[in-house]
Amino acid sequence: MWAILSIRVENKPGILFKVTHLFRARNFNIDSISVGVMENPEFSKMVITTVGTEKQIAQIVKQLDKMIDTIEVKRLDEKESVYKELALFKVKLSDASDSAEINKLANTFGAKIHNEQENSLIVELTSTPDEIKSFEESIKSFDILDSARTGVTAL
């Protein structure tokens, strides 16, 4: 089962290590993590996605909540939350028709084209992980030269 965890923590050195160490010590994998300072700079918000059984997820939430520097831990319901991820793809262009076809696919998915050059372009897509995976599958035939993903962030 996939879970999105929203964790508000004190903005102190080492807090990211403490949280990730808790996952590692319990043999949990972090699928994605995004961290940012909140409107009050004394606090940061982490959004972590992970996979586990209902019991395992409940256990990790309890253990995160017990940490001294943790202010609040919430498991977000993906049906009632907004969650997005940013992905960038550098795609090879073999000829002019590739550019037109990639532009068409980008428009279908609501993506933006950046830095179009003679032999490559960069596509930016902000969407759900499933949509990003679908887009990636649709452009694989064009030869993806490089990619980067931010990890899920959510409210």
# chains A, B, ... in the order shown; residues from 1 in each chain; ligands from 1

call {"tool": "residues_around", "arguments": {"residues": "range 52-54 of chain A", "least_positions_apart": "2", "cutoff": "8 Å", "atoms": "only C-alpha atoms", "output": "list of chain:residue names"}}
result
A:Met1, A:Trp2, A:Ala3, A:Phe28, A:Thr50, A:Gln56, A:Ile57, A:Ala58

call {"tool": "write_last_selection", "arguments": {"atoms": "N, CA and C atoms", "output": "PDB file, in the first residue's frame"}}
result
ATOM      1  N   MET A   1       0.842  -1.174   0.000  1.00  0.00           N
ATOM      2  CA  MET A   1       0.000   0.000   0.000  1.00  0.00           C
ATOM      3  C   MET A   1       0.893   1.245   0.000  1.00  0.00           C
ATOM      4  N   TRP A   2       0.571   2.190  -0.869  1.00  0.00           N
ATOM      5  CA  TRP A   2       1.320   3.437  -1.005  1.00  0.00           C
ATOM      6  C   TRP A   2       0.802   4.431   0.025  1.00  0.00           C
ATOM      7  N   ALA A   3       1.697   5.177   0.677  1.00  0.00           N
ATOM      8  CA  ALA A   3       1.288   6.142   1.688  1.00  0.00           C
ATOM      9  C   ALA A   3       2.025   7.456   1.485  1.00  0.00           C
ATOM     10  N   PHE A  28      12.454   0.248   6.170  1.00  0.00           N
ATOM     11  CA  PHE A  28      11.482   0.855   5.275  1.00  0.00           C
ATOM     12  C   PHE A  28      12.213   1.609   4.190  1.00  0.00           C
ATOM     13  N   THR A  50       6.022   6.279   0.827  1.00  0.00           N
ATOM     14  CA  THR A  50       6.580   4.966   1.132  1.00  0.00           C
ATOM     15  C   THR A  50       5.535   3.901   0.839  1.00  0.00           C
ATOM     16  N   GLN A  56       2.313  -1.641   9.052  1.00  0.00           N
ATOM     17  CA  GLN A  56       3.644  -1.043   8.968  1.00  0.00           C
ATOM     18  C   GLN A  56       3.571   0.487   8.877  1.00  0.00           C
ATOM     19  N   ILE A  57       2.650   0.982   8.061  1.00  0.00           N
ATOM     20  CA  ILE A  57       2.498   2.441   7.910  1.00  0.00           C
ATOM     21  C   ILE A  57       2.064   3.056   9.244  1.00  0.00           C
ATOM     22  N   ALA A  58       1.101   2.426   9.915  1.00  0.00           N
ATOM     23  CA  ALA A  58       0.648   2.927  11.216  1.00  0.00           C
ATOM     24  C   ALA A  58       1.802   2.960  12.216  1.00  0.00           C
TER      25      ALA A  58
END

call {"tool": "select_by_dssp", "arguments": {"residues": "range 8-117 of chain A", "states": "strand (DSSP E or B)", "output": "PDB file with N, CA and C atoms, in the first residue's frame"}}
result
ATOM      1  N   ARG A   8       5.550  17.702  10.025  1.00  0.00           N
ATOM      2  CA  ARG A   8       6.041  19.035  10.399  1.00  0.00           C
ATOM      3  C   ARG A   8       7.043  18.835  11.521  1.00  0.00           C
ATOM      4  N   VAL A   9       8.251  19.397  11.327  1.00  0.00           N
ATOM      5  CA  VAL A   9       9.347  19.205  12.278  1.00  0.00           C
ATOM      6  C   VAL A   9       9.973  20.547  12.628  1.00  0.00           C
ATOM      7  N   GLU A  10      10.721  20.556  13.728  1.00  0.00           N
ATOM      8  CA  GLU A  10      11.511  21.739  14.064  1.00  0.00           C
ATOM      9  C   GLU A  10      12.635  21.842  13.042  1.00  0.00           C
ATOM     10  N   ILE A  30      12.132   4.768   1.490  1.00  0.00           N
ATOM     11  CA  ILE A  30      11.497   6.043   1.169  1.00  0.00           C
ATOM     12  C   ILE A  30      11.468   6.125  -0.352  1.00  0.00           C
ATOM     13  N   ASP A  31      10.268   6.166  -0.924  1.00  0.00           N
ATOM     14  CA  ASP A  31      10.142   6.277  -2.378  1.00  0.00           C
ATOM     15  C   ASP A  31      10.465   7.685  -2.852  1.00  0.00           C
ATOM     16  N   SER A  32       9.967   8.680  -2.123  1.00  0.00           N
ATOM     17  CA  SER A  32      10.317  10.068  -2.436  1.00  0.00           C
ATOM     18  C   SER A  32      10.247  10.885  -1.161  1.00  0.00           C
ATOM     19  N   ILE A  33      10.997  11.974  -1.174  1.00  0.00           N
ATOM     20  CA  ILE A  33      10.999  12.884  -0.028  1.00  0.00           C
ATOM     21  C   ILE A  33      11.187  14.299  -0.551  1.00  0.00           C
ATOM     22  N   SER A  34      10.385  15.200  -0.030  1.00  0.00           N
ATOM     23  CA  SER A  34      10.582  16.621  -0.326  1.00  0.00           C
ATOM     24  C   SER A  34      10.517  17.366   0.997  1.00  0.00           C
ATOM     25  N   VAL A  35      11.386  18.345   1.145  1.00  0.00           N
ATOM     26  CA  VAL A  35      11.500  19.075   2.404  1.00  0.00           C
ATOM     27  C   VAL A  35      11.607  20.553   2.096  1.00  0.00           C
ATOM     28  N   GLY A  36      10.912  21.366   2.874  1.00  0.00           N
ATOM     29  CA  GLY A  36      11.026  22.812   2.714  1.00  0.00           C
ATOM     30  C   GLY A  36      10.701  23.528   4.002  1.00  0.00           C
ATOM     31  N   VAL A  37      11.294  24.698   4.153  1.00  0.00           N
ATOM     32  CA  VAL A  37      11.024  25.543   5.309  1.00  0.00           C
ATOM     33  C   VAL A  37       9.602  26.084   5.177  1.00  0.00           C
ATOM     34  N   PHE A  43      10.160  26.006  11.513  1.00  0.00           N
ATOM     35  CA  PHE A  43       9.620  24.693  11.167  1.00  0.00           C
ATOM     36  C   PHE A  43       9.867  24.361   9.704  1.00  0.00           C
ATOM     37  N   SER A  44       9.985  23.073   9.433  1.00  0.00           N
ATOM     38  CA  SER A  44      10.065  22.559   8.070  1.00  0.00           C
ATOM     39  C   SER A  44       8.976  21.519   7.891  1.00  0.00           C
ATOM     40  N   LYS A  45       8.595  21.320   6.633  1.00  0.00           N
ATOM     41  CA  LYS A  45       7.635  20.266   6.318  1.00  0.00           C
ATOM     42  C   LYS A  45       8.317  19.259   5.423  1.00  0.00           C
ATOM     43  N   MET A  46       8.161  17.986   5.775  1.00  0.00           N
ATOM     44  CA  MET A  46       8.640  16.887   4.958  1.00  0.00           C
ATOM     45  C   MET A  46       7.425  16.157   4.421  1.00  0.00           C
ATOM     46  N   VAL A  47       7.488  15.805   3.158  1.00  0.00           N
ATOM     47  CA  VAL A  47       6.473  14.930   2.574  1.00  0.00           C
ATOM     48  C   VAL A  47       7.222  13.701   2.083  1.00  0.00           C
ATOM     49  N   ILE A  48       6.867  12.564   2.659  1.00  0.00           N
ATOM     50  CA  ILE A  48       7.537  11.306   2.345  1.00  0.00           C
ATOM     51  C   ILE A  48       6.505  10.338   1.775  1.00  0.00           C
ATOM     52  N   THR A  49       6.881   9.677   0.685  1.00  0.00           N
ATOM     53  CA  THR A  49       6.049   8.581   0.186  1.00  0.00           C
ATOM     54  C   THR A  49       6.791   7.281   0.435  1.00  0.00           C
ATOM     55  N   THR A  50       6.022   6.279   0.827  1.00  0.00           N
ATOM     56  CA  THR A  50       6.580   4.966   1.132  1.00  0.00           C
ATOM     57  C   THR A  50       5.535   3.901   0.839  1.00  0.00           C
ATOM     58  N   VAL A  51       5.952   2.666   0.873  1.00  0.00           N
ATOM     59  CA  VAL A  51       5.053   1.542   0.627  1.00  0.00           C
ATOM     60  C   VAL A  51       5.164   0.568   1.793  1.00  0.00           C
ATOM     61  N   THR A  70       9.638  16.291  16.204  1.00  0.00           N
ATOM     62  CA  THR A  70       8.444  16.210  15.366  1.00  0.00           C
ATOM     63  C   THR A  70       7.302  16.975  16.012  1.00  0.00           C
ATOM     64  N   ILE A  71       6.681  17.844  15.246  1.00  0.00           N
ATOM     65  CA  ILE A  71       5.540  18.621  15.737  1.00  0.00           C
ATOM     66  C   ILE A  71       4.230  17.902  15.402  1.00  0.00           C
ATOM     67  N   GLU A  72       4.132  17.408  14.152  1.00  0.00           N
ATOM     68  CA  GLU A  72       2.886  16.771  13.705  1.00  0.00           C
ATOM     69  C   GLU A  72       3.190  15.795  12.567  1.00  0.00           C
ATOM     70  N   VAL A  73       2.520  14.658  12.600  1.00  0.00           N
ATOM     71  CA  VAL A  73       2.630  13.673  11.529  1.00  0.00           C
ATOM     72  C   VAL A  73       1.214  13.348  11.065  1.00  0.00           C
ATOM     73  N   LYS A  74       1.003  13.427   9.746  1.00  0.00           N
ATOM     74  CA  LYS A  74      -0.296  13.078   9.180  1.00  0.00           C
ATOM     75  C   LYS A  74      -0.094  12.118   8.024  1.00  0.00           C
ATOM     76  N   ARG A  75      -0.949  11.152   7.954  1.00  0.00           N
ATOM     77  CA  ARG A  75      -1.009  10.321   6.754  1.00  0.00           C
ATOM     78  C   ARG A  75      -2.101  10.932   5.881  1.00  0.00           C
ATOM     79  N   LEU A  76      -1.725  11.343   4.690  1.00  0.00           N
ATOM     80  CA  LEU A  76      -2.675  12.008   3.817  1.00  0.00           C
ATOM     81  C   LEU A  76      -3.429  10.995   2.975  1.00  0.00           C
ATOM     82  N   TYR A  83      -1.616  16.265  -4.419  1.00  0.00           N
ATOM     83  CA  TYR A  83      -0.212  15.860  -4.401  1.00  0.00           C
ATOM     84  C   TYR A  83       0.329  15.904  -5.822  1.00  0.00           C
ATOM     85  N   LYS A  84       1.517  16.465  -5.939  1.00  0.00           N
ATOM     86  CA  LYS A  84       2.145  16.655  -7.244  1.00  0.00           C
ATOM     87  C   LYS A  84       3.639  16.402  -7.129  1.00  0.00           C
ATOM     88  N   GLU A  85       4.217  16.185  -8.291  1.00  0.00           N
ATOM     89  CA  GLU A  85       5.654  16.003  -8.410  1.00  0.00           C
ATOM     90  C   GLU A  85       6.100  16.726  -9.672  1.00  0.00           C
ATOM     91  N   LEU A  86       7.291  17.263  -9.656  1.00  0.00           N
ATOM     92  CA  LEU A  86       7.861  17.918 -10.828  1.00  0.00           C
ATOM     93  C   LEU A  86       8.879  16.980 -11.461  1.00  0.00           C
ATOM     94  N   ALA A  87       8.779  16.828 -12.786  1.00  0.00           N
ATOM     95  CA  ALA A  87       9.743  16.003 -13.517  1.00  0.00           C
ATOM     96  C   ALA A  87      10.261  16.793 -14.710  1.00  0.00           C
ATOM     97  N   LEU A  88      11.548  16.637 -14.985  1.00  0.00           N
ATOM     98  CA  LEU A  88      12.183  17.207 -16.165  1.00  0.00           C
ATOM     99  C   LEU A  88      12.759  16.066 -16.987  1.00  0.00           C
ATOM    100  N   PHE A  89      12.545  16.133 -18.298  1.00  0.00           N
ATOM    101  CA  PHE A  89      13.078  15.121 -19.212  1.00  0.00           C
ATOM    102  C   PHE A  89      13.825  15.814 -20.329  1.00  0.00           C
ATOM    103  N   LYS A  90      15.072  15.430 -20.543  1.00  0.00           N
ATOM    104  CA  LYS A  90      15.832  15.904 -21.704  1.00  0.00           C
ATOM    105  C   LYS A  90      15.690  14.828 -22.771  1.00  0.00           C
ATOM    106  N   VAL A  91      15.100  15.224 -23.911  1.00  0.00           N
ATOM    107  CA  VAL A  91      14.746  14.267 -24.959  1.00  0.00           C
ATOM    108  C   VAL A  91      15.536  14.572 -26.229  1.00  0.00           C
ATOM    109  N   LYS A  92      16.058  13.532 -26.832  1.00  0.00           N
ATOM    110  CA  LYS A  92      16.824  13.660 -28.068  1.00  0.00           C
ATOM    111  C   LYS A  92      15.880  13.917 -29.240  1.00  0.00           C
ATOM    112  N   LYS A 112       5.320  21.541 -20.284  1.00  0.00           N
ATOM    113  CA  LYS A 112       5.922  22.706 -20.936  1.00  0.00           C
ATOM    114  C   LYS A 112       7.238  22.297 -21.584  1.00  0.00           C
ATOM    115  N   ILE A 113       7.532  22.930 -22.704  1.00  0.00           N
ATOM    116  CA  ILE A 113       8.794  22.688 -23.399  1.00  0.00           C
ATOM    117  C   ILE A 113       9.757  23.827 -23.054  1.00  0.00           C
ATOM    118  N   HIS A 114      10.998  23.450 -22.721  1.00  0.00           N
ATOM    119  CA  HIS A 114      12.046  24.425 -22.405  1.00  0.00           C
ATOM    120  C   HIS A 114      13.296  24.096 -23.206  1.00  0.00           C
TER     121      HIS A 114
END

call {"tool": "closest_atom_pairs", "arguments": {"of": "range 35-127 of chain A", "to": "range 22-27 of chain A", "cutoff": "9 Å", "atoms": "only C-alpha atoms", "output": "JSON lines"}}
result
{"residue": "A:Ile60", "atom": "CA", "partner": "A:Phe23", "partner_atom": "CA", "distance": 7.6}
{"residue": "A:Gln63", "atom": "CA", "partner": "A:Leu22", "partner_atom": "CA", "distance": 8.0}
{"residue": "A:Leu64", "atom": "CA", "partner": "A:Leu22", "partner_atom": "CA", "distance": 7.7}

call {"tool": "write_last_selection", "arguments": {"atoms": "C-alpha atoms", "output": "compact mmCIF listing (two decimals), in the first residue's frame"}}
result
# COMPACT_ATOMS: atom_id res chain seq x y z
CA ILE A 60 6.06 4.29 11.22
CA GLN A 63 7.36 6.25 15.72
CA LEU A 64 7.71 9.50 13.76

call {"tool": "closest_residue", "arguments": {"among": "A:Asn115, A:Phe135, A:Ile102, A:Pro129", "to": "Arg149 in chain A", "atoms": "only C-alpha atoms"}}
result
A:Pro129

call {"tool": "select_by_dssp", "arguments": {"residues": "chain A", "states": "helix (DSSP H, G or I)", "output": "PyMOL selection string"}}
result
chain A and resi 15-25+54-66+96-109+129-142

call {"tool": "write_last_selection", "arguments": {"atoms": "C-alpha atoms", "output": "PDB file, in the first residue's frame"}}
result
ATOM      1  CA  ILE A  15      16.434  16.437  11.550  1.00  0.00           C
ATOM      2  CA  LEU A  16      16.440  15.025   8.015  1.00  0.00           C
ATOM      3  CA  PHE A  17      19.026  12.443   9.087  1.00  0.00           C
ATOM      4  CA  LYS A  18      16.952  11.489  12.149  1.00  0.00           C
ATOM      5  CA  VAL A  19      13.798  10.932  10.101  1.00  0.00           C
ATOM      6  CA  THR A  20      15.514   8.995   7.326  1.00  0.00           C
ATOM      7  CA  HIS A  21      17.460   6.968   9.907  1.00  0.00           C
ATOM      8  CA  LEU A  22      14.174   5.947  11.535  1.00  0.00           C
ATOM      9  CA  PHE A  23      13.006   4.572   8.174  1.00  0.00           C
ATOM     10  CA  ARG A  24      16.312   2.785   7.573  1.00  0.00           C
ATOM     11  CA  ALA A  25      16.430   1.304  11.080  1.00  0.00           C
ATOM     12  CA  GLU A  54      -1.469  -0.851   6.842  1.00  0.00           C
ATOM     13  CA  LYS A  55       0.125  -2.075  10.090  1.00  0.00           C
ATOM     14  CA  GLN A  56       3.644  -1.043   8.968  1.00  0.00           C
ATOM     15  CA  ILE A  57       2.498   2.441   7.910  1.00  0.00           C
ATOM     16  CA  ALA A  58       0.648   2.927  11.216  1.00  0.00           C
ATOM     17  CA  GLN A  59       3.791   1.867  13.095  1.00  0.00           C
ATOM     18  CA  ILE A  60       6.065   4.291  11.221  1.00  0.00           C
ATOM     19  CA  VAL A  61       3.575   7.129  11.831  1.00  0.00           C
ATOM     20  CA  LYS A  62       3.560   6.341  15.581  1.00  0.00           C
ATOM     21  CA  GLN A  63       7.359   6.247  15.718  1.00  0.00           C
ATOM     22  CA  LEU A  64       7.708   9.497  13.760  1.00  0.00           C
ATOM     23  CA  ASP A  65       5.193  11.115  16.122  1.00  0.00           C
ATOM     24  CA  LYS A  66       7.298  10.074  19.144  1.00  0.00           C
ATOM     25  CA  ALA A  96      12.004  18.284 -36.977  1.00  0.00           C
ATOM     26  CA  SER A  97       9.062  15.897 -36.843  1.00  0.00           C
ATOM     27  CA  ASP A  98      10.237  14.671 -33.408  1.00  0.00           C
ATOM     28  CA  SER A  99       9.875  18.170 -31.995  1.00  0.00           C
ATOM     29  CA  ALA A 100       6.318  18.496 -33.295  1.00  0.00           C
ATOM     30  CA  GLU A 101       5.326  15.076 -31.946  1.00  0.00           C
ATOM     31  CA  ILE A 102       6.873  15.710 -28.514  1.00  0.00           C
ATOM     32  CA  ASN A 103       5.140  19.111 -28.382  1.00  0.00           C
ATOM     33  CA  LYS A 104       1.825  17.371 -29.124  1.00  0.00           C
ATOM     34  CA  LEU A 105       2.408  14.839 -26.330  1.00  0.00           C
ATOM     35  CA  ALA A 106       3.488  17.612 -23.953  1.00  0.00           C
ATOM     36  CA  ASN A 107       0.271  19.539 -24.656  1.00  0.00           C
ATOM     37  CA  THR A 108      -1.797  16.401 -24.048  1.00  0.00           C
ATOM     38  CA  PHE A 109      -0.236  15.989 -20.599  1.00  0.00           C
ATOM     39  CA  PRO A 129       3.509  10.195 -10.128  1.00  0.00           C
ATOM     40  CA  ASP A 130       1.205   7.992 -12.245  1.00  0.00           C
ATOM     41  CA  GLU A 131       0.716  10.730 -14.865  1.00  0.00           C
ATOM     42  CA  ILE A 132       4.466  11.346 -14.980  1.00  0.00           C
ATOM     43  CA  LYS A 133       5.068   7.627 -15.490  1.00  0.00           C
ATOM     44  CA  SER A 134       2.511   7.587 -18.329  1.00  0.00           C
ATOM     45  CA  PHE A 135       4.157  10.589 -19.967  1.00  0.00           C
ATOM     46  CA  GLU A 136       7.592   9.005 -19.610  1.00  0.00           C
ATOM     47  CA  GLU A 137       6.300   5.828 -21.292  1.00  0.00           C
ATOM     48  CA  SER A 138       4.871   7.894 -24.159  1.00  0.00           C
ATOM     49  CA  ILE A 139       8.215   9.621 -24.915  1.00  0.00           C
ATOM     50  CA  LYS A 140      10.572   6.650 -24.403  1.00  0.00           C
ATOM     51  CA  SER A 141      10.756   5.997 -28.137  1.00  0.00           C
ATOM     52  CA  PHE A 142      12.407   9.428 -28.593  1.00  0.00           C
TER      53      PHE A 142
END
